[in-house]
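Report on the structure given below.
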Amino acid sequence: MDKQTSPCGIHRLLLISMIFIPAIPLLISAAIGFYSFAGASKRFAVSSIRQAAVDRAKLIDEFLHERRSDLESFLALVPEQELDSPAMKGEVADWLRTGGQAFQDMGLISPDGRHAAYVGPFELADNDYRDTDWYRETLAQGYYVSDVYLGYRNAPHFVIAVGRRVGGRVWMLRATINPTVFGNMVNAPGLGDTGEAYILNRDNLFQTARRSGGALLARDEYTYPPQDEQLVTFTGSDGDEDYLFASARMNDGKWRLIVRQKEGEAFHTVVMAGYTVILVLLCGGAVIIVLALVVSRRLSETLQGHAEAVSKLESQLLQAARLAELGEMAAGFAHEINNPLQIMKTDLALLELTLKDVTDSGGNPEACAELQEIADQFQVQIGRCAAITREILRFGRRDAPQIQEMDLSEFLPKVFGMVQNKAQVNGIRVSCEVDPSVPPILADPGQLQQVMINLMNNAIHAVVDRHGSDGGVIDVAAGSDERGWARITVSDNGCGINQESLAKIFMPFFTTKAPGQGTGLGLSVCHSIVDSLGGELTVDSTKGEGTIFTVRIPGKGA
């Protein structure tokens, strides 16, 4: 007689099979899902800190390059004969104000190594800099960005200096970078609770203070790997904490930007994924399988959302970088134009001296008068070109808003003059009328200039698209509305905008232009600027007839 299996044994076997048979694929699926997600999360954390280091290093390098360009532009615009004049101190003070908050002080160094003009809070006017490292490096290279040092003021700081050779002798313009502005730029938020960024020089001395400890000019005792590439990432322990590091070369290789974050925070998603898997395994059975599918789907959607967000952010950064490059190119063009203008101005002065000699010697009075009139016209046009280049230089800078009282009857014609020639070259009839009753407003001139130039350029494009080089009309007008606000209108008879596009016209990255011909940021930025002033930017357009953009800004007394 065969031995019979008891009901209790059968129940036990069924129970074991129901537990272990689903458990095997469940465990395998959980293990594969955990390690895949952990690997993706680690790669994402490393990619994020690498991108943060690249973006921040690029931002700082662009900041240093722009400050150097500012100093070179300032120094190049000064006539040679005025470099050692007493009025230069006022000129240096104007430069310091133009630089906004970026510069702490500024000084013009004569060829004998002493200040010809100094503006700042320290007693540095009589110091001799010929034996300093930055002075010798500037003589050798034409410019120099120093490490942080104490100097005569006995306080940590660093300088940017540029040189200009005049008659075989070198004049220098030196400016101290505001340590607060620079430190805030390096330590900007965005790296989580434990993330931090700081700069070291080749001797491992702090060039910016570190949030977790590390004063300016103190030595970082941590042993970093060699910077053989532009960007390196690594992990390591500093004290009792484990960190994820990213290191980027900057400032021509003299500095390295360190971005670090505690591994516990950087790989937080990996830890949370482990707890989630354990919880799922403890639930057991069919419910666990369903929940695992739901969680996997949600995790996948989360990663996809992160990937889309990163892709969108990269696209926006690319657009912003292109706009920054355009501003830098404009400033470079203005600088290059200033050089021949300076030569023309010098030659014109020589021409006027020669003309005076000919007049005094009894030359033909009528010819001399005609030549004098021509010379006067040259002087007017050179001054006009110089004014335009100054406006371009100021437009290319990215300073903090400087709110001040503005008279639109003086401001609008100047801005209108910057695009008038471009419109007339395209055969467009333009006009600018400002009602004397228009109230004064409080605004930043550079930002309002950006708004008006963008609206006028958009009008030119719309008119050219419809009329070509004949029949276009653009009218700019300013007055006051019933609330006592200033009202500025830019109207054209261009191609117009359809109703569907009107609803999205102020959205970032929306454009009606062909691919490659517009960023879609112009009107969005204009709307943000006007809104920050408490004003309104509206549009009224009919397809095939034209467009009217209206800017309303509260009057000073409204």
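In the structure tokens, chains take the letters A, B, ... in the order shown, each chain's residues start at 1, and ligands count up from 1 in the order shown.
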**Request:** Find the residues near segment 462-470 of chain A: any atom within 7 Å, counting only C-alpha atoms, skip ones fewer than 4 places away on the same chain, and give them as a VMD selection string.
**Result:** chain A and resid 426 to 428 458 492 to 495
Apply DSSP to the backbone of this structure and, from segment 2-216 of chain A, keep only the residues in alpha helix (DSSP H); write these as a PDB file with C-alpha atoms, in the first residue's frame.
ATOM      1  CA  PRO A   7      -3.754  16.926   3.639  1.00  0.00           C
ATOM      2  CA  CYS A   8      -1.527  18.921   5.904  1.00  0.00           C
ATOM      3  CA  GLY A   9       1.536  17.976   3.812  1.00  0.00           C
ATOM      4  CA  ILE A  10      -0.238  18.868   0.554  1.00  0.00           C
ATOM      5  CA  HIS A  11      -1.260  22.181   1.975  1.00  0.00           C
ATOM      6  CA  ARG A  12       2.319  22.780   3.060  1.00  0.00           C
ATOM      7  CA  LEU A  13       3.640  21.917  -0.428  1.00  0.00           C
ATOM      8  CA  LEU A  14       1.096  24.171  -2.125  1.00  0.00           C
ATOM      9  CA  LEU A  15       1.905  26.978   0.271  1.00  0.00           C
ATOM     10  CA  ILE A  16       5.648  26.590  -0.356  1.00  0.00           C
ATOM     11  CA  SER A  17       5.156  26.445  -4.138  1.00  0.00           C
ATOM     12  CA  MET A  18       2.867  29.511  -4.097  1.00  0.00           C
ATOM     13  CA  ILE A  19       5.488  31.408  -2.135  1.00  0.00           C
ATOM     14  CA  PHE A  20       8.718  30.356  -3.887  1.00  0.00           C
ATOM     15  CA  ILE A  21       7.598  29.944  -7.502  1.00  0.00           C
ATOM     16  CA  PRO A  22       6.427  33.605  -7.824  1.00  0.00           C
ATOM     17  CA  ALA A  23       9.300  34.687  -5.572  1.00  0.00           C
ATOM     18  CA  ILE A  24      12.011  33.640  -8.067  1.00  0.00           C
ATOM     19  CA  PRO A  25      10.923  35.892 -10.989  1.00  0.00           C
ATOM     20  CA  LEU A  26       9.946  38.572  -8.477  1.00  0.00           C
ATOM     21  CA  LEU A  27      13.417  38.587  -6.892  1.00  0.00           C
ATOM     22  CA  ILE A  28      15.102  38.560 -10.305  1.00  0.00           C
ATOM     23  CA  SER A  29      12.892  41.399 -11.548  1.00  0.00           C
ATOM     24  CA  ALA A  30      13.460  43.383  -8.376  1.00  0.00           C
ATOM     25  CA  ALA A  31      17.234  42.895  -8.554  1.00  0.00           C
ATOM     26  CA  ILE A  32      17.419  43.843 -12.240  1.00  0.00           C
ATOM     27  CA  GLY A  33      15.157  46.867 -11.719  1.00  0.00           C
ATOM     28  CA  PHE A  34      17.126  48.069  -8.691  1.00  0.00           C
ATOM     29  CA  TYR A  35      20.550  47.797 -10.310  1.00  0.00           C
ATOM     30  CA  SER A  36      19.320  49.370 -13.556  1.00  0.00           C
ATOM     31  CA  PHE A  37      17.731  52.261 -11.726  1.00  0.00           C
ATOM     32  CA  ALA A  38      20.715  52.607  -9.381  1.00  0.00           C
ATOM     33  CA  GLY A  39      23.093  52.758 -12.332  1.00  0.00           C
ATOM     34  CA  ALA A  40      20.927  55.286 -14.146  1.00  0.00           C
ATOM     35  CA  SER A  41      20.575  57.388 -10.992  1.00  0.00           C
ATOM     36  CA  LYS A  42      24.326  57.393 -10.374  1.00  0.00           C
ATOM     37  CA  ARG A  43      24.984  58.358 -13.973  1.00  0.00           C
ATOM     38  CA  PHE A  44      22.387  61.109 -13.683  1.00  0.00           C
ATOM     39  CA  ALA A  45      23.966  62.409 -10.439  1.00  0.00           C
ATOM     40  CA  VAL A  46      27.431  62.422 -12.024  1.00  0.00           C
ATOM     41  CA  SER A  47      26.076  64.068 -15.179  1.00  0.00           C
ATOM     42  CA  SER A  48      24.292  66.738 -13.109  1.00  0.00           C
ATOM     43  CA  ILE A  49      27.381  67.700 -11.097  1.00  0.00           C
ATOM     44  CA  ARG A  50      29.524  67.687 -14.261  1.00  0.00           C
ATOM     45  CA  GLN A  51      27.030  69.967 -15.997  1.00  0.00           C
ATOM     46  CA  ALA A  52      26.931  72.243 -12.949  1.00  0.00           C
ATOM     47  CA  ALA A  53      30.740  72.527 -13.009  1.00  0.00           C
ATOM     48  CA  VAL A  54      30.842  73.204 -16.774  1.00  0.00           C
ATOM     49  CA  ASP A  55      28.051  75.809 -16.644  1.00  0.00           C
ATOM     50  CA  ARG A  56      29.463  77.602 -13.602  1.00  0.00           C
ATOM     51  CA  ALA A  57      33.049  77.615 -14.981  1.00  0.00           C
ATOM     52  CA  LYS A  58      31.794  78.971 -18.302  1.00  0.00           C
ATOM     53  CA  LEU A  59      29.757  81.662 -16.516  1.00  0.00           C
ATOM     54  CA  ILE A  60      32.774  82.756 -14.442  1.00  0.00           C
ATOM     55  CA  ASP A  61      35.121  82.758 -17.456  1.00  0.00           C
ATOM     56  CA  GLU A  62      32.607  84.845 -19.411  1.00  0.00           C
ATOM     57  CA  PHE A  63      32.331  87.243 -16.456  1.00  0.00           C
ATOM     58  CA  LEU A  64      36.133  87.689 -16.312  1.00  0.00           C
ATOM     59  CA  HIS A  65      36.321  88.109 -20.097  1.00  0.00           C
ATOM     60  CA  GLU A  66      33.558  90.729 -20.099  1.00  0.00           C
ATOM     61  CA  ARG A  67      35.243  92.696 -17.315  1.00  0.00           C
ATOM     62  CA  ARG A  68      38.514  92.593 -19.248  1.00  0.00           C
ATOM     63  CA  SER A  69      36.715  93.780 -22.397  1.00  0.00           C
ATOM     64  CA  ASP A  70      35.133  96.621 -20.394  1.00  0.00           C
ATOM     65  CA  LEU A  71      38.544  97.804 -19.150  1.00  0.00           C
ATOM     66  CA  GLU A  72      40.092  97.555 -22.634  1.00  0.00           C
ATOM     67  CA  SER A  73      37.190  99.539 -24.102  1.00  0.00           C
ATOM     68  CA  PHE A  74      37.455 102.215 -21.394  1.00  0.00           C
ATOM     69  CA  LEU A  75      41.211 102.623 -21.903  1.00  0.00           C
ATOM     70  CA  ALA A  76      41.018 102.586 -25.702  1.00  0.00           C
ATOM     71  CA  MET A  88      41.130 111.550 -15.704  1.00  0.00           C
ATOM     72  CA  LYS A  89      40.044 110.961 -12.099  1.00  0.00           C
ATOM     73  CA  GLY A  90      36.513 111.990 -13.022  1.00  0.00           C
ATOM     74  CA  GLU A  91      36.691 109.754 -16.088  1.00  0.00           C
ATOM     75  CA  VAL A  92      37.827 106.793 -13.957  1.00  0.00           C
ATOM     76  CA  ALA A  93      34.965 107.500 -11.532  1.00  0.00           C
ATOM     77  CA  ASP A  94      32.524 107.375 -14.470  1.00  0.00           C
ATOM     78  CA  TRP A  95      34.017 104.042 -15.581  1.00  0.00           C
ATOM     79  CA  LEU A  96      33.662 102.651 -12.079  1.00  0.00           C
ATOM     80  CA  ARG A  97      29.984 103.617 -12.021  1.00  0.00           C
ATOM     81  CA  THR A  98      29.465 102.198 -15.522  1.00  0.00           C
ATOM     82  CA  ASP A 133      53.640  90.417 -10.008  1.00  0.00           C
ATOM     83  CA  TRP A 134      50.472  91.708 -11.672  1.00  0.00           C
ATOM     84  CA  TYR A 135      52.279  94.779 -13.036  1.00  0.00           C
ATOM     85  CA  ARG A 136      55.076  92.702 -14.595  1.00  0.00           C
ATOM     86  CA  GLU A 137      52.629  90.162 -16.028  1.00  0.00           C
ATOM     87  CA  THR A 138      50.498  92.924 -17.573  1.00  0.00           C
ATOM     88  CA  LEU A 139      53.617  94.445 -19.166  1.00  0.00           C
ATOM     89  CA  ALA A 140      54.494  91.058 -20.660  1.00  0.00           C
ATOM     90  CA  GLN A 141      51.019  89.916 -21.794  1.00  0.00           C
ATOM     91  CA  PRO A 179      34.561  89.974  -3.788  1.00  0.00           C
ATOM     92  CA  THR A 180      30.922  89.815  -2.701  1.00  0.00           C
ATOM     93  CA  VAL A 181      29.576  89.818  -6.275  1.00  0.00           C
ATOM     94  CA  PHE A 182      32.183  87.277  -7.381  1.00  0.00           C
ATOM     95  CA  GLY A 183      31.644  85.038  -4.360  1.00  0.00           C
ATOM     96  CA  ASN A 184      27.862  85.036  -4.857  1.00  0.00           C
ATOM     97  CA  MET A 185      28.367  84.073  -8.503  1.00  0.00           C
ATOM     98  CA  VAL A 186      30.541  81.088  -7.567  1.00  0.00           C
TER      99      VAL A 186
END
**Message:** Could you list, as a PyMOL selection string, every residue within 9 Å of Gly142 of chain A, counting only C-alpha atoms and ignoring same-chain residues fewer than 4 positions away?
**Reply:** chain A and resi 137-138+161-165+172
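For Ile453 of chain A, the set of protein, DNA and RNA residues having any atom at most 8 Å away, when counting only C-alpha atoms and skipping those fewer than 6 positions along the same chain, is Val415, Phe416 and Val419 of chain A.
Taking atom CA of Asn454 of chain A as the reference point, atom CA of Gly534 of chain A is found at 19.3 Å.
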